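The next block is data05.pdb, given as PDB, C-alpha atoms, pLDDT in the B column.
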```pdb
ATOM      1  CA  MET A  15    -102.843 -45.727 -69.562  1.00 46.00           C
ATOM      2  CA  ASP A  16    -105.486 -46.515 -66.950  1.00 48.00           C
ATOM      3  CA  TYR A  17    -103.327 -47.050 -63.894  1.00 56.00           C
ATOM      4  CA  TYR A  18    -100.452 -45.389 -62.090  1.00 50.00           C
ATOM      5  CA  MET A  19     -97.037 -46.941 -61.638  1.00 71.00           C
ATOM      6  CA  ASN A  20     -95.656 -44.120 -59.497  1.00 82.00           C
ATOM      7  CA  GLU A  21     -97.980 -42.974 -56.736  1.00 82.00           C
ATOM      8  CA  GLU A  22     -95.970 -39.799 -56.176  1.00 83.00           C
ATOM      9  CA  LEU A  23     -96.948 -38.574 -59.651  1.00 83.00           C
ATOM     10  CA  ARG A  24    -100.675 -39.105 -59.159  1.00 80.00           C
ATOM     11  CA  GLU A  25    -102.913 -36.244 -60.265  1.00 78.00           C
ATOM     12  CA  LYS A  26    -104.344 -34.173 -57.430  1.00 77.00           C
ATOM     13  CA  PRO A  27    -106.936 -31.388 -57.259  1.00 74.00           C
ATOM     14  CA  ASN A  28    -105.914 -27.733 -57.464  1.00 67.00           C
ATOM     15  CA  HIS A  29    -102.722 -28.647 -59.344  1.00 67.00           C
ATOM     16  CA  ALA A  30    -101.073 -29.950 -56.176  1.00 73.00           C
ATOM     17  CA  HIS A  31     -99.138 -32.539 -58.188  1.00 79.00           C
ATOM     18  CA  PHE A  32     -97.390 -29.954 -60.373  1.00 82.00           C
ATOM     19  CA  PRO A  33     -94.216 -29.382 -58.278  1.00 85.00           C
ATOM     20  CA  ILE A  34     -93.236 -33.046 -57.919  1.00 86.00           C
ATOM     21  CA  CYS A  35     -94.160 -33.805 -61.538  1.00 87.00           C
ATOM     22  CA  ARG A  36     -92.054 -30.894 -62.709  1.00 88.00           C
ATOM     23  CA  GLY A  37     -89.124 -32.105 -60.623  1.00 89.00           C
ATOM     24  CA  ARG A  38     -89.426 -35.636 -62.023  1.00 91.00           C
ATOM     25  CA  MET A  39     -89.650 -34.264 -65.567  1.00 92.00           C
ATOM     26  CA  ASP A  40     -86.458 -32.279 -65.071  1.00 93.00           C
ATOM     27  CA  SER A  41     -84.752 -35.385 -63.681  1.00 94.00           C
ATOM     28  CA  ILE A  42     -85.769 -37.446 -66.725  1.00 95.00           C
ATOM     29  CA  ASN A  43     -84.496 -34.775 -69.110  1.00 95.00           C
ATOM     30  CA  ALA A  44     -81.208 -34.550 -67.205  1.00 96.00           C
ATOM     31  CA  ASN A  45     -80.717 -38.333 -67.369  1.00 96.00           C
ATOM     32  CA  CYS A  46     -81.440 -38.370 -71.108  1.00 96.00           C
ATOM     33  CA  PHE A  47     -78.967 -35.546 -71.670  1.00 97.00           C
ATOM     34  CA  ARG A  48     -76.253 -37.419 -69.751  1.00 97.00           C
ATOM     35  CA  VAL A  49     -76.880 -40.530 -71.865  1.00 97.00           C
ATOM     36  CA  PHE A  50     -76.673 -38.461 -75.049  1.00 97.00           C
ATOM     37  CA  LEU A  51     -73.479 -36.695 -73.967  1.00 97.00           C
ATOM     38  CA  PHE A  52     -71.774 -39.945 -72.988  1.00 97.00           C
ATOM     39  CA  THR A  53     -72.895 -41.729 -76.170  1.00 97.00           C
ATOM     40  CA  LEU A  54     -71.673 -38.811 -78.262  1.00 96.00           C
ATOM     41  CA  VAL A  55     -68.197 -38.956 -76.697  1.00 96.00           C
ATOM     42  CA  SER A  56     -67.980 -42.760 -76.770  1.00 95.00           C
ATOM     43  CA  GLY A  57     -69.336 -42.892 -80.322  1.00 95.00           C
ATOM     44  CA  VAL A  58     -66.691 -40.445 -81.518  1.00 95.00           C
ATOM     45  CA  ILE A  59     -63.970 -42.481 -79.780  1.00 94.00           C
ATOM     46  CA  MET A  60     -65.128 -45.804 -81.240  1.00 93.00           C
ATOM     47  CA  GLY A  61     -65.675 -44.190 -84.630  1.00 93.00           C
ATOM     48  CA  GLY A  62     -62.095 -42.891 -84.569  1.00 92.00           C
ATOM     49  CA  LEU A  63     -60.795 -46.353 -83.676  1.00 90.00           C
ATOM     50  CA  SER A  64     -62.842 -47.785 -86.523  1.00 88.00           C
ATOM     51  CA  LEU A  65     -61.245 -45.400 -89.015  1.00 88.00           C
ATOM     52  CA  PHE A  66     -57.861 -46.720 -87.848  1.00 88.00           C
ATOM     53  CA  ARG A  67     -59.149 -50.165 -88.936  1.00 85.00           C
ATOM     54  CA  ILE A  68     -59.391 -51.589 -85.414  1.00 85.00           C
ATOM     55  CA  PRO A  69     -62.130 -54.224 -84.914  1.00 83.00           C
ATOM     56  CA  LEU A  70     -64.580 -53.523 -82.085  1.00 86.00           C
ATOM     57  CA  HIS A  71     -67.199 -55.569 -80.315  1.00 86.00           C
ATOM     58  CA  VAL A  72     -70.925 -55.176 -81.039  1.00 88.00           C
ATOM     59  CA  VAL A  73     -70.543 -52.263 -83.487  1.00 88.00           C
ATOM     60  CA  GLY A  74     -68.426 -54.582 -85.633  1.00 84.00           C
ATOM     61  CA  TRP A  75     -71.001 -57.366 -85.719  1.00 84.00           C
ATOM     62  CA  ILE A  76     -72.942 -55.951 -88.661  1.00 82.00           C
ATOM     63  CA  PRO A  77     -69.939 -55.641 -91.020  1.00 81.00           C
ATOM     64  CA  MET A  78     -68.762 -58.988 -89.710  1.00 79.00           C
ATOM     65  CA  ILE A  79     -71.940 -60.568 -91.111  1.00 76.00           C
ATOM     66  CA  PHE A  80     -70.918 -59.665 -94.647  1.00 73.00           C
ATOM     67  CA  ASN A  81     -67.240 -60.475 -94.265  1.00 71.00           C
ATOM     68  CA  SER A  82     -66.289 -62.561 -91.228  1.00 66.00           C
ATOM     69  CA  GLU A  83     -62.759 -63.112 -92.465  1.00 69.00           C
ATOM     70  CA  GLU A  84     -61.809 -59.498 -91.775  1.00 65.00           C
ATOM     71  CA  ILE A  85     -61.643 -60.094 -88.017  1.00 65.00           C
ATOM     72  CA  SER A  86     -58.882 -62.646 -88.408  1.00 64.00           C
ATOM     73  CA  LYS A  87     -56.632 -60.062 -90.051  1.00 66.00           C
ATOM     74  CA  GLY A  88     -56.131 -58.248 -86.753  1.00 64.00           C
ATOM     75  CA  PRO A  89     -56.026 -54.535 -85.972  1.00 68.00           C
ATOM     76  CA  PHE A  90     -54.854 -51.998 -88.554  1.00 70.00           C
ATOM     77  CA  ASN A  91     -55.366 -54.587 -91.309  1.00 72.00           C
ATOM     78  CA  LEU A  92     -59.114 -54.326 -91.911  1.00 74.00           C
ATOM     79  CA  SER A  93     -60.505 -53.277 -95.259  1.00 81.00           C
ATOM     80  CA  GLN A  94     -61.679 -49.725 -95.801  1.00 83.00           C
ATOM     81  CA  GLY A  95     -65.286 -50.815 -96.314  1.00 84.00           C
ATOM     82  CA  PHE A  96     -65.320 -52.776 -93.052  1.00 83.00           C
ATOM     83  CA  ALA A  97     -63.904 -49.802 -91.149  1.00 85.00           C
ATOM     84  CA  LEU A  98     -66.440 -47.346 -92.623  1.00 90.00           C
ATOM     85  CA  THR A  99     -69.363 -49.648 -91.875  1.00 89.00           C
ATOM     86  CA  GLN A 100     -68.183 -50.062 -88.276  1.00 89.00           C
ATOM     87  CA  ALA A 101     -67.862 -46.263 -87.941  1.00 92.00           C
ATOM     88  CA  LEU A 102     -71.420 -45.831 -89.257  1.00 94.00           C
ATOM     89  CA  CYS A 103     -72.656 -48.252 -86.593  1.00 93.00           C
ATOM     90  CA  CYS A 104     -71.041 -46.012 -83.985  1.00 94.00           C
ATOM     91  CA  GLY A 105     -72.983 -43.099 -85.475  1.00 95.00           C
ATOM     92  CA  VAL A 106     -76.214 -45.068 -85.117  1.00 95.00           C
ATOM     93  CA  LEU A 107     -75.668 -45.160 -81.350  1.00 96.00           C
ATOM     94  CA  ILE A 108     -75.505 -41.355 -81.321  1.00 96.00           C
ATOM     95  CA  VAL A 109     -78.763 -41.209 -83.282  1.00 96.00           C
ATOM     96  CA  PHE A 110     -80.414 -43.519 -80.729  1.00 96.00           C
ATOM     97  CA  ALA A 111     -79.265 -41.264 -77.883  1.00 96.00           C
ATOM     98  CA  SER A 112     -80.642 -38.169 -79.624  1.00 96.00           C
ATOM     99  CA  LEU A 113     -84.018 -39.858 -80.173  1.00 96.00           C
ATOM    100  CA  ASN A 114     -84.045 -40.796 -76.486  1.00 95.00           C
ATOM    101  CA  MET A 115     -84.034 -37.091 -75.604  1.00 94.00           C
ATOM    102  CA  GLY A 116     -87.442 -36.705 -77.254  1.00 92.00           C
ATOM    103  CA  LYS A 117     -90.617 -38.715 -76.803  1.00 91.00           C
ATOM    104  CA  ARG A 118     -89.094 -42.076 -77.807  1.00 93.00           C
ATOM    105  CA  LYS A 119     -87.670 -43.171 -74.481  1.00 94.00           C
ATOM    106  CA  ILE A 120     -87.477 -46.775 -75.665  1.00 95.00           C
ATOM    107  CA  PHE A 121     -84.146 -45.962 -77.321  1.00 96.00           C
ATOM    108  CA  GLY A 122     -82.640 -45.501 -73.871  1.00 95.00           C
ATOM    109  CA  GLU A 123     -83.497 -49.111 -73.103  1.00 95.00           C
ATOM    110  CA  ILE A 124     -82.049 -50.206 -76.449  1.00 96.00           C
ATOM    111  CA  LEU A 125     -78.796 -48.421 -75.618  1.00 97.00           C
ATOM    112  CA  PHE A 126     -78.684 -50.203 -72.271  1.00 97.00           C
ATOM    113  CA  PHE A 127     -78.824 -53.613 -73.958  1.00 96.00           C
ATOM    114  CA  ILE A 128     -76.200 -52.538 -76.512  1.00 96.00           C
ATOM    115  CA  TYR A 129     -73.784 -51.430 -73.787  1.00 96.00           C
ATOM    116  CA  PHE A 130     -74.550 -54.586 -71.794  1.00 96.00           C
ATOM    117  CA  ALA A 131     -73.743 -56.748 -74.841  1.00 95.00           C
ATOM    118  CA  LEU A 132     -70.567 -54.726 -75.334  1.00 94.00           C
ATOM    119  CA  LEU A 133     -69.640 -55.429 -71.710  1.00 93.00           C
ATOM    120  CA  LEU A 134     -70.150 -59.180 -72.009  1.00 93.00           C
ATOM    121  CA  SER A 135     -68.364 -59.471 -75.332  1.00 91.00           C
ATOM    122  CA  SER A 136     -65.409 -57.426 -74.067  1.00 89.00           C
ATOM    123  CA  LEU A 137     -65.075 -59.751 -71.067  1.00 90.00           C
ATOM    124  CA  LEU A 138     -65.609 -63.064 -72.862  1.00 88.00           C
ATOM    125  CA  ALA A 139     -63.894 -62.473 -76.199  1.00 80.00           C
ATOM    126  CA  SER A 140     -60.678 -60.785 -77.199  1.00 75.00           C
ATOM    127  CA  LEU A 141     -60.193 -58.989 -80.487  1.00 71.00           C
ATOM    128  CA  SER A 142     -57.257 -56.693 -79.742  1.00 71.00           C
ATOM    129  CA  GLY A 143     -55.623 -54.689 -76.995  1.00 73.00           C
ATOM    130  CA  ILE A 144     -58.307 -52.044 -77.484  1.00 78.00           C
ATOM    131  CA  ASP A 145     -60.795 -54.307 -75.679  1.00 82.00           C
ATOM    132  CA  VAL A 146     -59.894 -52.468 -72.477  1.00 89.00           C
ATOM    133  CA  ALA A 147     -61.263 -49.233 -73.962  1.00 89.00           C
ATOM    134  CA  THR A 148     -64.521 -50.875 -75.056  1.00 91.00           C
ATOM    135  CA  LEU A 149     -64.821 -52.493 -71.608  1.00 92.00           C
ATOM    136  CA  ILE A 150     -64.597 -49.094 -69.884  1.00 93.00           C
ATOM    137  CA  ILE A 151     -67.100 -47.605 -72.346  1.00 94.00           C
ATOM    138  CA  ALA A 152     -69.457 -50.535 -71.730  1.00 95.00           C
ATOM    139  CA  ILE A 153     -69.321 -50.205 -67.931  1.00 96.00           C
ATOM    140  CA  LEU A 154     -70.045 -46.477 -68.039  1.00 96.00           C
ATOM    141  CA  GLY A 155     -72.764 -46.975 -70.651  1.00 96.00           C
ATOM    142  CA  VAL A 156     -74.566 -49.551 -68.513  1.00 96.00           C
ATOM    143  CA  TYR A 157     -74.355 -47.192 -65.551  1.00 96.00           C
ATOM    144  CA  TYR A 158     -75.788 -44.190 -67.373  1.00 96.00           C
ATOM    145  CA  CYS A 159     -78.517 -46.152 -69.158  1.00 96.00           C
ATOM    146  CA  SER A 160     -79.624 -48.157 -66.111  1.00 95.00           C
ATOM    147  CA  ARG A 161     -82.165 -45.439 -65.247  1.00 94.00           C
ATOM    148  CA  SER A 162     -83.776 -45.558 -68.676  1.00 95.00           C
ATOM    149  CA  PHE A 163     -86.347 -48.196 -67.696  1.00 94.00           C
ATOM    150  CA  LYS A 164     -87.836 -46.189 -64.819  1.00 93.00           C
ATOM    151  CA  ASP A 165     -87.534 -42.962 -66.780  1.00 94.00           C
ATOM    152  CA  LYS A 166     -89.548 -44.463 -69.633  1.00 93.00           C
ATOM    153  CA  ARG A 167     -92.365 -45.623 -67.335  1.00 92.00           C
ATOM    154  CA  ASP A 168     -92.535 -42.316 -65.474  1.00 92.00           C
ATOM    155  CA  TYR A 169     -92.424 -40.359 -68.727  1.00 93.00           C
ATOM    156  CA  GLU A 170     -95.378 -42.325 -70.088  1.00 90.00           C
ATOM    157  CA  GLN A 171     -97.282 -41.590 -66.891  1.00 89.00           C
ATOM    158  CA  LEU A 172     -96.384 -37.896 -66.983  1.00 88.00           C
ATOM    159  CA  SER A 173     -97.420 -37.621 -70.632  1.00 87.00           C
ATOM    160  CA  GLU A 174    -100.958 -38.612 -69.575  1.00 85.00           C
ATOM    161  CA  THR A 175    -101.020 -36.245 -66.610  1.00 82.00           C
ATOM    162  CA  GLU A 176    -102.561 -32.789 -66.394  1.00 78.00           C
ATOM    163  CA  GLY A 177    -100.028 -30.021 -66.988  1.00 80.00           C
ATOM    164  CA  PHE A 178     -97.639 -32.020 -69.214  1.00 82.00           C
ATOM    165  CA  PRO A 179     -94.963 -31.109 -70.243  1.00 81.00           C
ATOM    166  CA  ASN A 180     -94.379 -27.816 -68.390  1.00 80.00           C
ATOM    167  CA  PHE A 181     -96.396 -28.427 -65.189  1.00 82.00           C
ATOM    168  CA  SER A 182     -96.546 -24.665 -64.700  1.00 74.00           C
ATOM    169  CA  VAL A 183     -98.684 -23.465 -61.809  1.00 68.00           C
ATOM    170  CA  VAL A 184     -98.810 -19.963 -63.333  1.00 66.00           C
ATOM    171  CA  LEU A 185    -100.322 -21.240 -66.572  1.00 66.00           C
ATOM    172  CA  ALA A 186    -102.768 -23.447 -64.694  1.00 61.00           C
ATOM    173  CA  GLU A 187    -103.929 -20.575 -62.486  1.00 60.00           C
ATOM    174  CA  SER A 188    -104.349 -18.435 -65.594  1.00 57.00           C
ATOM    175  CA  ASP A 189    -106.593 -21.109 -67.121  1.00 56.00           C
ATOM    176  CA  ASP A 190    -108.598 -21.261 -63.914  1.00 59.00           C
ATOM    177  CA  LYS A 191    -108.960 -17.492 -63.923  1.00 57.00           C
ATOM    178  CA  TYR A 192    -110.508 -17.465 -67.381  1.00 56.00           C
ATOM    179  CA  GLY A 193    -112.747 -20.411 -66.649  1.00 55.00           C
ATOM    180  CA  TYR A 194    -110.902 -23.135 -68.493  1.00 51.00           C
ATOM    181  CA  PRO A 195    -111.517 -26.526 -66.839  1.00 51.00           C
ATOM    182  CA  SER A 196    -108.696 -28.557 -65.354  1.00 52.00           C
ATOM    183  CA  TYR A 197    -108.457 -31.646 -67.532  1.00 49.00           C
ATOM    184  CA  ILE A 198    -107.579 -34.870 -65.797  1.00 51.00           C
ATOM    185  CA  LYS A 199    -106.775 -37.298 -68.562  1.00 50.00           C
ATOM    186  CA  THR A 200    -106.441 -40.656 -66.841  1.00 51.00           C
ATOM    187  CA  ARG A 201    -109.195 -42.789 -65.438  1.00 50.00           C
ATOM    188  CA  GLY A 202    -107.347 -43.326 -62.177  1.00 50.00           C
ATOM    189  CA  GLY A 203    -106.743 -39.606 -61.827  1.00 52.00           C
ATOM    190  CA  MET A 204    -110.421 -38.824 -62.363  1.00 55.00           C
ATOM    191  CA  SER A 205    -111.554 -41.329 -59.737  1.00 57.00           C
ATOM    192  CA  TYR A 206    -109.006 -39.979 -57.267  1.00 52.00           C
ATOM    193  CA  TYR A 207    -110.084 -36.407 -58.067  1.00 54.00           C
ATOM    194  CA  ASN A 208    -113.752 -37.230 -57.422  1.00 61.00           C
ATOM    195  CA  LYS A 209    -112.880 -39.037 -54.198  1.00 60.00           C
ATOM    196  CA  VAL A 210    -110.933 -36.076 -52.824  1.00 54.00           C
ATOM    197  CA  ASN A 211    -113.688 -33.663 -53.812  1.00 57.00           C
ATOM    198  CA  GLN A 212    -116.289 -35.771 -52.020  1.00 64.00           C
ATOM    199  CA  GLN A 213    -114.163 -35.882 -48.881  1.00 60.00           C
ATOM    200  CA  SER A 214    -113.536 -32.130 -48.951  1.00 56.00           C
ATOM    201  CA  SER A 215    -117.220 -31.340 -49.528  1.00 59.00           C
ATOM    202  CA  ALA A 216    -118.261 -33.678 -46.695  1.00 60.00           C
ATOM    203  CA  SER A 217    -115.818 -32.095 -44.265  1.00 56.00           C
ATOM    204  CA  ALA A 218    -116.765 -28.543 -45.207  1.00 50.00           C
ATOM    205  CA  VAL A 219    -120.413 -28.615 -43.987  1.00 49.00           C
ATOM    206  CA  PRO A 220    -121.808 -25.090 -43.603  1.00 50.00           C
ATOM    207  CA  VAL A 221    -122.904 -24.260 -40.076  1.00 47.00           C
ATOM    208  CA  ASN A 222    -125.419 -21.507 -39.338  1.00 51.00           C
ATOM    209  CA  VAL A 223    -123.801 -19.373 -36.680  1.00 45.00           C
ATOM    210  CA  GLN A 224    -126.039 -16.772 -35.093  1.00 50.00           C
ATOM    211  CA  PRO A 225    -124.609 -13.974 -32.992  1.00 49.00           C
ATOM    212  CA  ILE A 226    -125.294 -14.369 -29.284  1.00 50.00           C
ATOM    213  CA  ILE A 227    -125.943 -11.077 -27.486  1.00 50.00           C
ATOM    214  CA  SER A 228    -126.500 -11.189 -23.783  1.00 52.00           C
ATOM    215  CA  GLN A 229    -129.178  -9.145 -22.032  1.00 53.00           C
ATOM    216  CA  ASN A 230    -126.566  -7.329 -19.984  1.00 52.00           C
ATOM    217  CA  HIS A 231    -124.898  -6.187 -23.177  1.00 51.00           C
ATOM    218  CA  VAL A 232    -128.213  -4.822 -24.473  1.00 48.00           C
ATOM    219  CA  ASN A 233    -128.849  -2.979 -21.209  1.00 53.00           C
ATOM    220  CA  SER A 234    -125.390  -1.468 -21.219  1.00 55.00           C
ATOM    221  CA  LEU A 235    -125.928  -0.188 -24.736  1.00 51.00           C
ATOM    222  CA  SER A 236    -129.291   1.346 -23.882  1.00 57.00           C
ATOM    223  CA  ASN A 237    -127.889   3.036 -20.777  1.00 60.00           C
ATOM    224  CA  MET A 238    -125.134   4.837 -22.652  1.00 58.00           C
ATOM    225  CA  PRO A 239    -125.459   8.662 -22.452  1.00 58.00           C
ATOM    226  CA  SER A 240    -126.446  10.454 -25.628  1.00 59.00           C
ATOM    227  CA  LEU A 241    -124.665  13.498 -27.012  1.00 58.00           C
ATOM    228  CA  ASP A 242    -126.683  16.689 -27.467  1.00 60.00           C
ATOM    229  CA  PRO A 243    -124.970  18.914 -30.082  1.00 57.00           C
ATOM    230  CA  THR A 244    -127.016  21.984 -29.087  1.00 59.00           C
ATOM    231  CA  SER A 245    -125.618  21.953 -25.579  1.00 58.00           C
ATOM    232  CA  VAL A 246    -122.021  22.307 -26.702  1.00 56.00           C
ATOM    233  CA  LYS A 247    -120.697  25.794 -26.008  1.00 61.00           C
ATOM    234  CA  ARG A 248    -118.375  27.465 -28.429  1.00 59.00           C
ATOM    235  CA  SER A 249    -115.184  29.014 -27.168  1.00 58.00           C
ATOM    236  CA  ALA A 250    -114.651  32.711 -27.776  1.00 57.00           C
ATOM    237  CA  ASP A 251    -110.941  32.152 -28.273  1.00 56.00           C
ATOM    238  CA  ILE A 252    -111.615  29.854 -31.232  1.00 55.00           C
ATOM    239  CA  GLU A 253    -113.933  32.415 -32.844  1.00 57.00           C
ATOM    240  CA  ASP A 254    -111.276  35.112 -32.544  1.00 59.00           C
ATOM    241  CA  LYS A 255    -108.735  32.944 -34.331  1.00 57.00           C
ATOM    242  CA  PHE A 256    -110.891  32.604 -37.453  1.00 55.00           C
ATOM    243  CA  ARG A 257    -112.355  36.132 -37.415  1.00 60.00           C
ATOM    244  CA  PRO A 258    -110.698  38.619 -39.826  1.00 58.00           C
ATOM    245  CA  ARG A 259    -108.832  41.426 -38.061  1.00 57.00           C
ATOM    246  CA  SER A 260    -109.500  44.141 -40.659  1.00 56.00           C
ATOM    247  CA  GLY A 261    -112.379  45.312 -42.785  1.00 54.00           C
ATOM    248  CA  LYS A 262    -110.696  44.681 -46.103  1.00 53.00           C
ATOM    249  CA  GLU A 263    -113.088  41.940 -47.060  1.00 52.00           C
ATOM    250  CA  GLU A 264    -116.025  44.308 -46.692  1.00 52.00           C
ATOM    251  CA  ILE A 265    -114.325  46.923 -48.909  1.00 52.00           C
ATOM    252  CA  ILE A 266    -113.656  44.307 -51.580  1.00 51.00           C
ATOM    253  CA  SER A 267    -117.189  42.988 -51.417  1.00 52.00           C
ATOM    254  CA  PHE A 268    -118.810  46.432 -51.868  1.00 51.00           C
ATOM    255  CA  SER A 269    -116.264  47.881 -54.301  1.00 51.00           C
ATOM    256  CA  PRO A 270    -117.837  49.866 -57.190  1.00 55.00           C
ATOM    257  CA  LEU A 271    -115.340  48.300 -59.630  1.00 53.00           C
ATOM    258  CA  LYS A 272    -116.955  45.761 -61.877  1.00 51.00           C
ATOM    259  CA  LEU A 273    -115.104  43.007 -63.550  1.00 50.00           C
ATOM    260  CA  LYS A 274    -115.826  42.557 -67.244  1.00 46.00           C
TER     261      LYS A 274
END
```
Write out the structure in this file as structure tokens.
Amino acid sequence: MDYYMNEELREKPNHAHFPICRGRMDSINANCFRVFLFTLVSGVIMGGLSLFRIPLHVVGWIPMIFNSEEISKGPFNLSQGFALTQALCCGVLIVFASLNMGKRKIFGEILFFIYFALLLSSLLASLSGIDVATLIIAILGVYYCSRSFKDKRDYEQLSETEGFPNFSVVLAESDDKYGYPSYIKTRGGMSYYNKVNQQSSASAVPVNVQPIISQNHVNSLSNMPSLDPTSVKRSADIEDKFRPRSGKEEIISFSPLKLK
């Protein structure tokens, strides 16, 4: 991936792109989880209808290939094999949604086309009174999966970006502390990184600043009076405060007792 589709997710020096990339990554994961949760609920509903031998659009196309005469029997009259095959097709949708939560974001786009086909077939053809339920499921499925196209492109860009998948500033600063280089994986990110570094180095030109001391300041310093410590007179009151009032210290010092 040698170019960027989303300029907001472009790599920047000093890990400046981490916060927005982390926010976009959380948004992608939240969208994928919503698609999975909706597909799980709708798949269980359509699978339950299939076990009651009710024909459904799209998920019933595969068993219809092997036995097209089953549709003409109407609801509650389908064969057991047709109903089980249709229920397994509903389970396949749940598998697609679970794969979409990982690295394979293309399954989100596949689910969008499946729900869109379910929408068209529910509007244009009539199998039973349950078509209203499949129509509602199709409308909600198209709504939830409509973001899958942009999520897939942004996820591919983020997967080639420094800091993927956590985009943790703490981990990046720890790598910088121990001397690990900041890897910029994409060609566009490297060129942008070099461009910003050149601009920052050109703007930060060192200037030799010498201290300016005026002659008046020098004269004022030289004319300051000096302090003569020998001319300071001691106060007799201070000496009396620290002078012992008894001769006990002399008795202790010249005591004939010797310590062993």
- Spatial neighbours of Ala101 in chain A, 6 Å, all atoms listed in the file, chain gap at least 2 places, as number ranges by chain: A: 61, 64, 98-99, 103-104
For the contact check between range 17-61 of chain A and range 105-129 of chain A, emit one row per residue of range 17-61 of chain A within 10 Å, containing the shortest atom pair and the distance in Å rounded to one decimal, counting all atoms listed in the file, chain then rising number order, as JSON lines.
```
{"residue": "A:Ile42", "atom": "CA", "partner": "A:Met115", "partner_atom": "CA", "distance": 9.1}
{"residue": "A:Asn43", "atom": "CA", "partner": "A:Met115", "partner_atom": "CA", "distance": 6.9}
{"residue": "A:Ala44", "atom": "CA", "partner": "A:Met115", "partner_atom": "CA", "distance": 9.2}
{"residue": "A:Asn45", "atom": "CA", "partner": "A:Met115", "partner_atom": "CA", "distance": 9.0}
{"residue": "A:Cys46", "atom": "CA", "partner": "A:Met115", "partner_atom": "CA", "distance": 5.3}
{"residue": "A:Phe47", "atom": "CA", "partner": "A:Met115", "partner_atom": "CA", "distance": 6.6}
{"residue": "A:Arg48", "atom": "CA", "partner": "A:Ala111", "partner_atom": "CA", "distance": 9.5}
{"residue": "A:Val49", "atom": "CA", "partner": "A:Ala111", "partner_atom": "CA", "distance": 6.5}
{"residue": "A:Phe50", "atom": "CA", "partner": "A:Ala111", "partner_atom": "CA", "distance": 4.8}
{"residue": "A:Leu51", "atom": "CA", "partner": "A:Ala111", "partner_atom": "CA", "distance": 8.3}
{"residue": "A:Phe52", "atom": "CA", "partner": "A:Ala111", "partner_atom": "CA", "distance": 9.0}
{"residue": "A:Thr53", "atom": "CA", "partner": "A:Ile108", "partner_atom": "CA", "distance": 5.8}
{"residue": "A:Leu54", "atom": "CA", "partner": "A:Ile108", "partner_atom": "CA", "distance": 5.5}
{"residue": "A:Val55", "atom": "CA", "partner": "A:Ile108", "partner_atom": "CA", "distance": 9.0}
{"residue": "A:Ser56", "atom": "CA", "partner": "A:Ile108", "partner_atom": "CA", "distance": 8.9}
{"residue": "A:Gly57", "atom": "CA", "partner": "A:Gly105", "partner_atom": "CA", "distance": 6.3}
{"residue": "A:Val58", "atom": "CA", "partner": "A:Gly105", "partner_atom": "CA", "distance": 7.9}
{"residue": "A:Met60", "atom": "CA", "partner": "A:Gly105", "partner_atom": "CA", "distance": 9.3}
{"residue": "A:Gly61", "atom": "CA", "partner": "A:Gly105", "partner_atom": "CA", "distance": 7.4}
```
- Task: Considering all atoms listed in the file, state which residue in the set A:Leu102, A:Ala152, A:Ile34, A:Ile68 is at the smallest distance from Asn20 in chain A.
- Result: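 Using all atoms listed in the file, Asn20 in chain A sits closest to A:Ile34.
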- Task: Dig up all the protein and nucleic acid residues within 9 Å of (-62.8, -53.9, -72.8) in the file frame, using all atoms listed in the file, and format them as a ChimeraX atom specification.
- Result: /A:71,132-133,135-137,140,143-153
- Query: In Å, with one decimal, what is the gap from CA of Asn91 in chain A to CA of Arg67 in chain A?
  - Reply: 6.3 Å
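Comparing the minimum interatomic distances between Leu154 in chain A and each of A:Pro69, A:Phe130, A:Phe80, A:Ala139, counting only C-alpha atoms, we find that A:Phe130 sits nearest.
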- Message: Please list as a count of residues only every residue within 6 Å of Phe181 in chain A, counting only C-alpha atoms and excluding residues in the same chain fewer than 4 positions away.
- Response: 3
- Distance criterion (only C-alpha atoms): nearest to Val73 in chain A out of A:Ser173, A:Asn180, A:Gln94, A:Gln100: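 Ranking A:Ser173, A:Asn180, A:Gln94, A:Gln100 by distance to Val73 in chain A, first place goes to A:Gln100.
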